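Undergrad: Below is the file final23.csv, with CSV, C-alpha atoms.
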chain,number,residue,atom,x,y,z
A,1,MET,CA,-7.0,-18.4,13.6
A,2,PRO,CA,-8.1,-22.0,14.2
A,3,GLU,CA,-11.8,-22.7,14.0
A,4,ALA,CA,-13.5,-22.0,17.4
A,5,ILE,CA,-15.1,-24.8,19.3
A,6,SER,CA,-18.8,-24.9,18.5
A,7,TRP,CA,-20.5,-25.4,21.8
A,8,GLN,CA,-23.8,-27.0,22.4
A,9,THR,CA,-25.9,-25.4,25.1
A,10,LYS,CA,-28.6,-28.0,25.8
A,11,MET,CA,-27.9,-31.3,27.5
A,12,ASP,CA,-30.6,-33.3,25.7
A,13,GLU,CA,-29.4,-32.1,22.3
A,14,ALA,CA,-25.8,-32.8,23.1
A,15,LEU,CA,-26.6,-36.4,24.3
A,16,ALA,CA,-28.6,-37.1,21.2
A,17,LYS,CA,-25.8,-35.8,19.0
A,18,ALA,CA,-23.3,-37.9,20.9
A,19,GLU,CA,-25.4,-41.1,20.3
A,20,GLN,CA,-25.8,-40.2,16.6
A,21,GLN,CA,-22.1,-39.5,16.1
A,22,SER,CA,-20.8,-42.2,18.5
A,23,ARG,CA,-18.7,-39.6,20.4
A,24,PRO,CA,-18.5,-38.7,24.1
A,25,VAL,CA,-19.6,-35.4,25.4
A,26,LEU,CA,-17.2,-32.8,26.9
A,27,LEU,CA,-19.3,-31.1,29.5
A,28,ASP,CA,-17.9,-27.8,30.7
A,29,PHE,CA,-19.6,-26.1,33.6
A,30,PHE,CA,-18.5,-22.5,33.4
A,31,ASN,CA,-19.1,-19.2,35.2
A,32,PRO,CA,-20.0,-16.5,32.6
A,33,GLY,CA,-19.0,-13.9,35.3
B,1,MET,CA,-9.9,-21.6,29.7
B,2,ASP,CA,-11.5,-19.1,27.2
B,3,ALA,CA,-8.4,-16.9,27.1
B,4,VAL,CA,-5.7,-19.6,26.6
B,5,THR,CA,-6.9,-23.2,26.3
B,6,TYR,CA,-10.0,-23.4,24.2
B,7,PRO,CA,-8.7,-21.0,21.4
B,8,ASN,CA,-5.5,-23.2,21.1
B,9,LYS,CA,-5.5,-24.9,17.7
B,10,LYS,CA,-4.5,-28.3,19.0
B,11,VAL,CA,-7.3,-28.2,21.6
B,12,SER,CA,-10.0,-26.9,19.3
B,13,GLU,CA,-9.2,-29.5,16.6
B,14,TYR,CA,-9.0,-32.3,19.2
B,15,VAL,CA,-12.4,-31.4,20.8
B,16,THR,CA,-14.1,-30.9,17.4
B,17,GLU,CA,-12.9,-34.2,16.0
B,18,ASN,CA,-13.5,-36.3,19.1
B,19,PHE,CA,-16.3,-34.8,21.2
B,20,VAL,CA,-19.6,-33.2,21.3
B,21,PRO,CA,-18.7,-30.0,23.3
B,22,LEU,CA,-21.4,-28.8,25.7
B,23,ARG,CA,-21.3,-25.7,27.9
B,24,ILE,CA,-23.7,-25.1,30.8
B,25,GLY,CA,-23.7,-22.4,33.3
B,26,HIS,CA,-22.4,-23.4,36.7
B,27,ASP,CA,-25.8,-22.8,38.4
B,28,GLU,CA,-28.0,-24.3,35.7
B,29,GLN,CA,-30.4,-26.8,37.3
B,30,PRO,CA,-30.9,-29.8,37.5
B,31,TYR,CA,-27.3,-30.3,36.3
B,32,ALA,CA,-25.4,-28.2,38.8
B,33,ASP,CA,-26.8,-30.3,41.7
B,34,GLN,CA,-26.6,-33.6,39.7
B,35,PHE,CA,-22.9,-33.1,39.0
B,36,LEU,CA,-22.1,-31.4,42.4
B,37,VAL,CA,-20.8,-28.2,40.8
B,38,LYS,CA,-19.2,-26.0,43.5
B,39,TRP,CA,-16.4,-24.3,41.5
B,40,THR,CA,-15.4,-23.8,37.9
B,41,PRO,CA,-14.1,-24.8,35.5
B,42,LYS,CA,-15.6,-28.2,36.2
B,43,LEU,CA,-15.2,-30.7,33.3
B,44,TYR,CA,-16.8,-34.1,32.7
B,45,VAL,CA,-16.5,-36.7,29.9
B,46,LEU,CA,-19.9,-38.2,29.5
B,47,ASP,CA,-21.3,-41.0,27.3
B,48,TYR,CA,-24.5,-40.5,25.4
B,49,LYS,CA,-26.6,-41.7,28.3
B,50,GLY,CA,-25.2,-38.9,30.4
B,51,ALA,CA,-23.0,-41.2,32.6
B,52,ALA,CA,-19.7,-39.6,33.7
B,53,HIS,CA,-16.5,-41.4,33.0
B,54,HIS,CA,-13.9,-38.8,33.8
B,55,ASP,CA,-13.9,-35.4,35.5
B,56,ALA,CA,-11.7,-32.6,36.8
B,57,LEU,CA,-11.8,-29.3,38.6
B,58,GLY,CA,-9.7,-26.3,37.7
B,59,PHE,CA,-7.7,-24.9,34.8
B,60,PHE,CA,-5.8,-26.9,32.2
B,61,PRO,CA,-3.2,-25.6,29.9
B,62,PRO,CA,-3.7,-26.8,26.3
B,63,ASP,CA,-1.5,-29.9,26.2
B,64,GLU,CA,-2.8,-31.1,29.6
B,65,LEU,CA,-6.4,-30.7,28.4
B,66,VAL,CA,-5.8,-32.8,25.3
B,67,ALA,CA,-4.2,-35.5,27.5
B,68,PHE,CA,-7.1,-35.3,30.0
B,69,LEU,CA,-9.7,-35.6,27.2
B,70,HIS,CA,-7.8,-38.5,25.7
B,71,LEU,CA,-7.8,-40.3,29.0
B,72,GLY,CA,-11.5,-39.7,29.3
B,73,ARG,CA,-12.1,-41.4,26.0
B,74,ALA,CA,-9.9,-44.3,27.1
B,75,LYS,CA,-11.7,-44.7,30.4
B,76,MET,CA,-15.0,-44.7,28.7
B,77,ALA,CA,-13.9,-47.6,26.5
B,78,PHE,CA,-12.5,-49.3,29.6
B,79,ASN,CA,-15.8,-48.8,31.6
B,80,ASN,CA,-17.7,-50.3,28.6
B,81,ASP,CA,-15.5,-53.4,28.6
B,82,LEU,CA,-14.0,-52.4,25.2
B,83,PHE,CA,-10.5,-53.4,26.4
B,84,GLU,CA,-9.0,-53.6,23.0
B,85,ASP,CA,-10.0,-50.1,22.2
B,86,ALA,CA,-9.0,-48.9,25.7
B,87,VAL,CA,-5.5,-50.4,25.3
B,88,LYS,CA,-5.0,-48.5,22.0
B,89,LEU,CA,-6.2,-45.2,23.5
B,90,PHE,CA,-4.0,-45.5,26.6
B,91,GLU,CA,-1.0,-46.4,24.4
B,92,LYS,CA,-1.6,-43.4,22.2
B,93,LEU,CA,-1.8,-41.1,25.2
B,94,LEU,CA,1.4,-42.5,26.7
B,95,LEU,CA,3.2,-42.1,23.4
B,96,GLU,CA,2.1,-38.5,22.8
B,97,SER,CA,1.8,-37.1,26.3
B,98,PRO,CA,4.1,-39.2,28.6
B,99,ALA,CA,4.9,-36.2,30.8
B,100,SER,CA,1.3,-35.1,31.3
B,101,GLY,CA,-0.6,-35.3,34.5
B,102,SER,CA,-2.9,-37.9,32.9
B,103,ALA,CA,-0.1,-40.3,32.1
B,104,PRO,CA,0.3,-42.2,35.4
B,105,GLU,CA,-3.4,-43.2,35.5
B,106,ALA,CA,-3.1,-44.2,31.9
B,107,VAL,CA,-0.2,-46.5,32.8
B,108,PHE,CA,-2.2,-48.1,35.5
B,109,LEU,CA,-5.4,-48.6,33.4
B,110,HIS,CA,-3.4,-49.7,30.4
B,111,GLY,CA,-2.0,-52.6,32.4
B,112,VAL,CA,-5.4,-53.4,33.9
B,113,SER,CA,-7.0,-53.3,30.4
B,114,ASN,CA,-4.4,-55.7,29.1
B,115,PHE,CA,-5.0,-58.0,32.0
B,116,LYS,CA,-8.8,-57.9,31.4
B,117,LYS,CA,-8.2,-58.7,27.8
B,118,ASN,CA,-5.7,-61.6,28.2
B,119,HIS,CA,-6.1,-62.7,31.8
B,120,GLU,CA,-2.3,-62.8,32.2
B,121,ALA,CA,-0.4,-61.3,35.1
B,122,ALA,CA,2.5,-59.8,33.2
B,123,PRO,CA,0.8,-56.5,32.3
B,124,LEU,CA,0.0,-55.9,36.0
B,125,LYS,CA,3.6,-56.5,37.0
B,126,GLU,CA,4.6,-54.0,34.2
B,127,VAL,CA,2.2,-51.5,35.8
B,128,TYR,CA,4.2,-51.7,39.0
B,129,ARG,CA,7.6,-51.5,37.2
B,130,ARG,CA,6.7,-48.6,35.0
B,131,LEU,CA,5.0,-46.5,37.7
B,132,LYS,CA,7.9,-47.0,40.0
B,133,LEU,CA,10.4,-46.2,37.4
B,134,GLU,CA,8.7,-43.2,35.6
B,135,TYR,CA,6.1,-41.9,38.0
B,136,SER,CA,7.3,-42.7,41.4
B,137,GLN,CA,6.3,-39.3,42.8
B,138,THR,CA,2.6,-39.9,42.0
B,139,SER,CA,-0.1,-41.7,44.0
B,140,TRP,CA,-0.5,-44.1,41.1
B,141,ALA,CA,2.8,-45.7,41.9
B,142,GLN,CA,1.4,-46.7,45.3
B,143,ARG,CA,-1.7,-48.1,43.7
B,144,GLY,CA,0.4,-50.4,41.5
B,145,PHE,CA,2.3,-51.7,44.5
B,146,PRO,CA,0.2,-54.9,45.0
B,147,TYR,CA,1.4,-56.1,41.6
B,148,TRP,CA,5.1,-56.1,42.3
B,149,ASN,CA,5.4,-59.9,43.0
B,150,LEU,CA,2.9,-61.4,40.6
Now, as a test, write the supplied structure out as structure tokens.

TA:
Amino acid sequence: MPEAISWQTKMDEALAKAEQQSRPVLLDFFNPG
Amino acid sequence: MDAVTYPNKKVSEYVTENFVPLRIGHDEQPYADQFLVKWTPKLYVLDYKGAAHHDALGFFPPDELVAFLHLGRAKMAFNNDLFEDAVKLFEKLLLESPASGSAPEAVFLHGVSNFKKNHEAAPLKEVYRRLKLEYSQTSWAQRGFPYWNL
């Protein structure tokens, strides 16, 4: 099995990580059902 | 997306190597209002300031999601005036995913990026030629029409 995507769950933390790593953010709005 | 696309090896590797993945509930405020979320899945490619450079609504199969995300990276470079980087990213997308739904927009923006880089008209004329030849059934072919006689 491939390694699962490790999702961030907080916008502020994701943006800080994006700046630190010079990467964009993939933001997925989802419906947990 | 959870059943088919995100567990796919190509997708998980591409996302892990190139993005900070962030999942938020469709009704979480203030983001649901800020991003006008009315249906899911709703995807965005953001820069570190939170500005959106690419978005889509609905399901993507694995190969289409990779192409969509690659286009998002290229558009972010384009929007930040990094035209050399943008050209390389658009070219890679067109080489690896020429039949994807993201390809026609990549052809268009590849030509515009080359024009912005060199200020020569030839890349824009190539936009028209390639869209008419390879993607004539898409709306992007119409958008390239003004460049036919440059």

Undergrad: Would you list the contacts of Glu19 in chain A as a PyMOL selection string, taking every protein, DNA or RNA residue within 9 Å and counting all atoms listed in the file, but skipping same-chain residues closer than 5 positions in sequence?

TA: (chain A and resi 14+24) or (chain B and resi 47-49)

Undergrad: Hey, can you check how far CA of Met76 in chain B sits from CA of His54 in chain B?

TA: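 Distance reported for this atom pair: 7.9 Å.
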
Undergrad: Output as a list in words the set of chain B residues within 7 Å of chain A, with distances taken over all atoms listed in the file.

TA: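 Residues of chain B within 7 Å of chain A, counting all atoms listed in the file: Pro7, Lys9, Ser12, Thr16, Asn18, Phe19, Val20, Pro21, Leu22, Arg23, Ile24, Gly25, His26, Thr40, Pro41, Lys42, Leu43, Tyr44, Val45, Leu46, Asp47, Tyr48, Lys49 and Gly50 of chain B.
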
Undergrad: Give me the residues within 10 Å of Ala122 in chain B as a list in words, counting all atoms listed in the file and dropping any in the same chain fewer than 5 places off.

TA: Gly111, Asn114, Phe115, Val127, Tyr147 and Leu150 of chain B

Undergrad: Tell me which protein, DNA and RNA residues are within 12 Å of range 81-88 of chain B, counting all atoms listed in the file, leaving out same-chain ones fewer than 3 positions away, and put them as a list of chain:residue names.

TA: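 The neighbour list is B:His70, B:Leu71, B:Gly72, B:Arg73, B:Ala74, B:Lys75, B:Met76, B:Ala77, B:Phe78, B:Glu91, B:Lys92, B:Leu93, B:Leu94, B:Leu95, B:Ala106, B:Val107, B:Phe108, B:Leu109, B:His110, B:Gly111, B:Val112, B:Ser113, B:Asn114, B:Phe115, B:Lys116, B:Lys117, B:Asn118, B:His119, B:Pro123.
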
Undergrad: Would you save the residues of that selection, restricted to C-alpha atoms, as a PDB file, keeping the file's coordinate frame?

TA:
ATOM      1  CA  HIS B  70      -7.800 -38.500  25.700  1.00  0.00           C
ATOM      2  CA  LEU B  71      -7.800 -40.300  29.000  1.00  0.00           C
ATOM      3  CA  GLY B  72     -11.500 -39.700  29.300  1.00  0.00           C
ATOM      4  CA  ARG B  73     -12.100 -41.400  26.000  1.00  0.00           C
ATOM      5  CA  ALA B  74      -9.900 -44.300  27.100  1.00  0.00           C
ATOM      6  CA  LYS B  75     -11.700 -44.700  30.400  1.00  0.00           C
ATOM      7  CA  MET B  76     -15.000 -44.700  28.700  1.00  0.00           C
ATOM      8  CA  ALA B  77     -13.900 -47.600  26.500  1.00  0.00           C
ATOM      9  CA  PHE B  78     -12.500 -49.300  29.600  1.00  0.00           C
ATOM     10  CA  GLU B  91      -1.000 -46.400  24.400  1.00  0.00           C
ATOM     11  CA  LYS B  92      -1.600 -43.400  22.200  1.00  0.00           C
ATOM     12  CA  LEU B  93      -1.800 -41.100  25.200  1.00  0.00           C
ATOM     13  CA  LEU B  94       1.400 -42.500  26.700  1.00  0.00           C
ATOM     14  CA  LEU B  95       3.200 -42.100  23.400  1.00  0.00           C
ATOM     15  CA  ALA B 106      -3.100 -44.200  31.900  1.00  0.00           C
ATOM     16  CA  VAL B 107      -0.200 -46.500  32.800  1.00  0.00           C
ATOM     17  CA  PHE B 108      -2.200 -48.100  35.500  1.00  0.00           C
ATOM     18  CA  LEU B 109      -5.400 -48.600  33.400  1.00  0.00           C
ATOM     19  CA  HIS B 110      -3.400 -49.700  30.400  1.00  0.00           C
ATOM     20  CA  GLY B 111      -2.000 -52.600  32.400  1.00  0.00           C
ATOM     21  CA  VAL B 112      -5.400 -53.400  33.900  1.00  0.00           C
ATOM     22  CA  SER B 113      -7.000 -53.300  30.400  1.00  0.00           C
ATOM     23  CA  ASN B 114      -4.400 -55.700  29.100  1.00  0.00           C
ATOM     24  CA  PHE B 115      -5.000 -58.000  32.000  1.00  0.00           C
ATOM     25  CA  LYS B 116      -8.800 -57.900  31.400  1.00  0.00           C
ATOM     26  CA  LYS B 117      -8.200 -58.700  27.800  1.00  0.00           C
ATOM     27  CA  ASN B 118      -5.700 -61.600  28.200  1.00  0.00           C
ATOM     28  CA  HIS B 119      -6.100 -62.700  31.800  1.00  0.00           C
ATOM     29  CA  PRO B 123       0.800 -56.500  32.300  1.00  0.00           C
TER      30      PRO B 123
END

Undergrad: Provide the CA of Phe59 in chain B to CA of Met1 in chain B distance in Å, to one decimal place.

TA: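 According to the coordinates, CA of Phe59 in chain B and CA of Met1 in chain B are separated by 6.5 Å.
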
Undergrad: If we draw a sphere of 7 Å around (-11.3, -30.6, 25.2), which residues have at least one atom in it when counting all atoms listed in the file? Please report them as a list in words.

TA: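 Those within range, by chain then number, are Leu26 of chain A; Val11, Tyr14, Val15, Leu65, Val66 and Leu69 of chain B.
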
Undergrad: Kindly indicate which residue among B:Glu105, B:Leu57, B:Leu131, B:Lys10 lies nearest to Leu36 in chain B, using all atoms listed in the file for the distances.

TA: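 Smallest distance to Leu36 in chain B is found for B:Leu57.
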
Undergrad: Provide the CA of Tyr135 in chain B to CA of Trp148 in chain B distance in Å, to one decimal place.

TA: 14.9 Å

Undergrad: Within 8 Å of (-23.0, -40.1, 36.8) (file coordinates; only C-alpha atoms), which protein or nucleic acid residues are there? I'd like them as JSON, numbers by chain.

TA: {"B": [34, 35, 50, 51, 52, 53]}

Undergrad: Is it possible to produce a file of range 6-32 of chain A from this structure, with N, CA and C atoms, as a PDB file, in the first residue's frame?

TA:
ATOM      1  N   SER A   6      -0.881  12.676   4.355  1.00  0.00           N
ATOM      2  CA  SER A   6      -0.952  13.158   5.729  1.00  0.00           C
ATOM      3  C   SER A   6      -1.544  14.567   5.734  1.00  0.00           C
ATOM      4  N   TRP A   7      -2.829  14.639   6.005  1.00  0.00           N
ATOM      5  CA  TRP A   7      -3.546  15.909   5.892  1.00  0.00           C
ATOM      6  C   TRP A   7      -3.341  16.792   7.110  1.00  0.00           C
ATOM      7  N   GLN A   8      -3.111  18.077   6.847  1.00  0.00           N
ATOM      8  CA  GLN A   8      -3.209  19.086   7.885  1.00  0.00           C
ATOM      9  C   GLN A   8      -4.693  19.381   8.105  1.00  0.00           C
ATOM     10  N   THR A   9      -5.035  19.890   9.278  1.00  0.00           N
ATOM     11  CA  THR A   9      -6.441  20.197   9.547  1.00  0.00           C
ATOM     12  C   THR A   9      -6.659  21.652   9.978  1.00  0.00           C
ATOM     13  N   LYS A  10      -5.573  22.404  10.108  1.00  0.00           N
ATOM     14  CA  LYS A  10      -5.685  23.807  10.524  1.00  0.00           C
ATOM     15  C   LYS A  10      -5.091  24.708   9.448  1.00  0.00           C
ATOM     16  N   MET A  11      -5.880  25.693   9.015  1.00  0.00           N
ATOM     17  CA  MET A  11      -5.438  26.592   7.945  1.00  0.00           C
ATOM     18  C   MET A  11      -4.141  27.302   8.306  1.00  0.00           C
ATOM     19  N   ASP A  12      -4.063  27.898   9.480  1.00  0.00           N
ATOM     20  CA  ASP A  12      -2.878  28.670   9.861  1.00  0.00           C
ATOM     21  C   ASP A  12      -1.625  27.806   9.847  1.00  0.00           C
ATOM     22  N   GLU A  13      -1.752  26.600  10.365  1.00  0.00           N
ATOM     23  CA  GLU A  13      -0.582  25.706  10.409  1.00  0.00           C
ATOM     24  C   GLU A  13      -0.180  25.272   9.008  1.00  0.00           C
ATOM     25  N   ALA A  14      -1.146  25.050   8.146  1.00  0.00           N
ATOM     26  CA  ALA A  14      -0.843  24.643   6.770  1.00  0.00           C
ATOM     27  C   ALA A  14      -0.153  25.775   6.009  1.00  0.00           C
ATOM     28  N   LEU A  15      -0.628  27.005   6.182  1.00  0.00           N
ATOM     29  CA  LEU A  15      -0.007  28.133   5.482  1.00  0.00           C
ATOM     30  C   LEU A  15       1.421  28.375   5.976  1.00  0.00           C
ATOM     31  N   ALA A  16       1.625  28.230   7.265  1.00  0.00           N
ATOM     32  CA  ALA A  16       2.979  28.395   7.814  1.00  0.00           C
ATOM     33  C   ALA A  16       3.918  27.325   7.257  1.00  0.00           C
ATOM     34  N   LYS A  17       3.430  26.119   7.178  1.00  0.00           N
ATOM     35  CA  LYS A  17       4.230  25.028   6.629  1.00  0.00           C
ATOM     36  C   LYS A  17       4.513  25.262   5.143  1.00  0.00           C
ATOM     37  N   ALA A  18       3.534  25.794   4.428  1.00  0.00           N
ATOM     38  CA  ALA A  18       3.715  26.091   3.002  1.00  0.00           C
ATOM     39  C   ALA A  18       4.810  27.131   2.796  1.00  0.00           C
ATOM     40  N   GLU A  19       4.829  28.155   3.646  1.00  0.00           N
ATOM     41  CA  GLU A  19       5.871  29.182   3.539  1.00  0.00           C
ATOM     42  C   GLU A  19       7.238  28.586   3.859  1.00  0.00           C
ATOM     43  N   GLN A  20       7.270  27.796   4.902  1.00  0.00           N
ATOM     44  CA  GLN A  20       8.531  27.185   5.340  1.00  0.00           C
ATOM     45  C   GLN A  20       9.092  26.253   4.271  1.00  0.00           C
ATOM     46  N   GLN A  21       8.236  25.526   3.585  1.00  0.00           N
ATOM     47  CA  GLN A  21       8.675  24.511   2.620  1.00  0.00           C
ATOM     48  C   GLN A  21       8.608  24.987   1.175  1.00  0.00           C
ATOM     49  N   SER A  22       8.208  26.253   0.965  1.00  0.00           N
ATOM     50  CA  SER A  22       8.055  26.805  -0.395  1.00  0.00           C
ATOM     51  C   SER A  22       7.193  25.902  -1.281  1.00  0.00           C
ATOM     52  N   ARG A  23       6.046  25.507  -0.739  1.00  0.00           N
ATOM     53  CA  ARG A  23       5.104  24.666  -1.484  1.00  0.00           C
ATOM     54  C   ARG A  23       3.726  25.299  -1.445  1.00  0.00           C
ATOM     55  N   PRO A  24       2.912  25.005  -2.452  1.00  0.00           N
ATOM     56  CA  PRO A  24       1.511  25.426  -2.359  1.00  0.00           C
ATOM     57  C   PRO A  24       0.718  24.525  -1.419  1.00  0.00           C
ATOM     58  N   VAL A  25      -0.464  24.999  -1.082  1.00  0.00           N
ATOM     59  CA  VAL A  25      -1.397  24.221  -0.265  1.00  0.00           C
ATOM     60  C   VAL A  25      -2.472  23.619  -1.168  1.00  0.00           C
ATOM     61  N   LEU A  26      -2.718  22.332  -1.013  1.00  0.00           N
ATOM     62  CA  LEU A  26      -3.916  21.727  -1.606  1.00  0.00           C
ATOM     63  C   LEU A  26      -4.986  21.766  -0.531  1.00  0.00           C
ATOM     64  N   LEU A  27      -5.990  22.609  -0.739  1.00  0.00           N
ATOM     65  CA  LEU A  27      -7.097  22.735   0.207  1.00  0.00           C
ATOM     66  C   LEU A  27      -8.287  21.922  -0.317  1.00  0.00           C
ATOM     67  N   ASP A  28      -8.723  20.977   0.482  1.00  0.00           N
ATOM     68  CA  ASP A  28      -9.852  20.108   0.125  1.00  0.00           C
ATOM     69  C   ASP A  28     -10.971  20.314   1.146  1.00  0.00           C
ATOM     70  N   PHE A  29     -12.043  20.955   0.696  1.00  0.00           N
ATOM     71  CA  PHE A  29     -13.241  21.048   1.531  1.00  0.00           C
ATOM     72  C   PHE A  29     -14.010  19.749   1.352  1.00  0.00           C
ATOM     73  N   PHE A  30     -14.253  19.042   2.418  1.00  0.00           N
ATOM     74  CA  PHE A  30     -14.897  17.754   2.284  1.00  0.00           C
ATOM     75  C   PHE A  30     -16.124  17.655   3.200  1.00  0.00           C
ATOM     76  N   ASN A  31     -16.953  16.701   2.880  1.00  0.00           N
ATOM     77  CA  ASN A  31     -18.148  16.431   3.673  1.00  0.00           C
ATOM     78  C   ASN A  31     -17.960  15.092   4.371  1.00  0.00           C
ATOM     79  N   PRO A  32     -17.721  15.124   5.674  1.00  0.00           N
ATOM     80  CA  PRO A  32     -17.444  13.852   6.380  1.00  0.00           C
ATOM     81  C   PRO A  32     -18.672  12.947   6.446  1.00  0.00           C
TER      82      PRO A  32
END
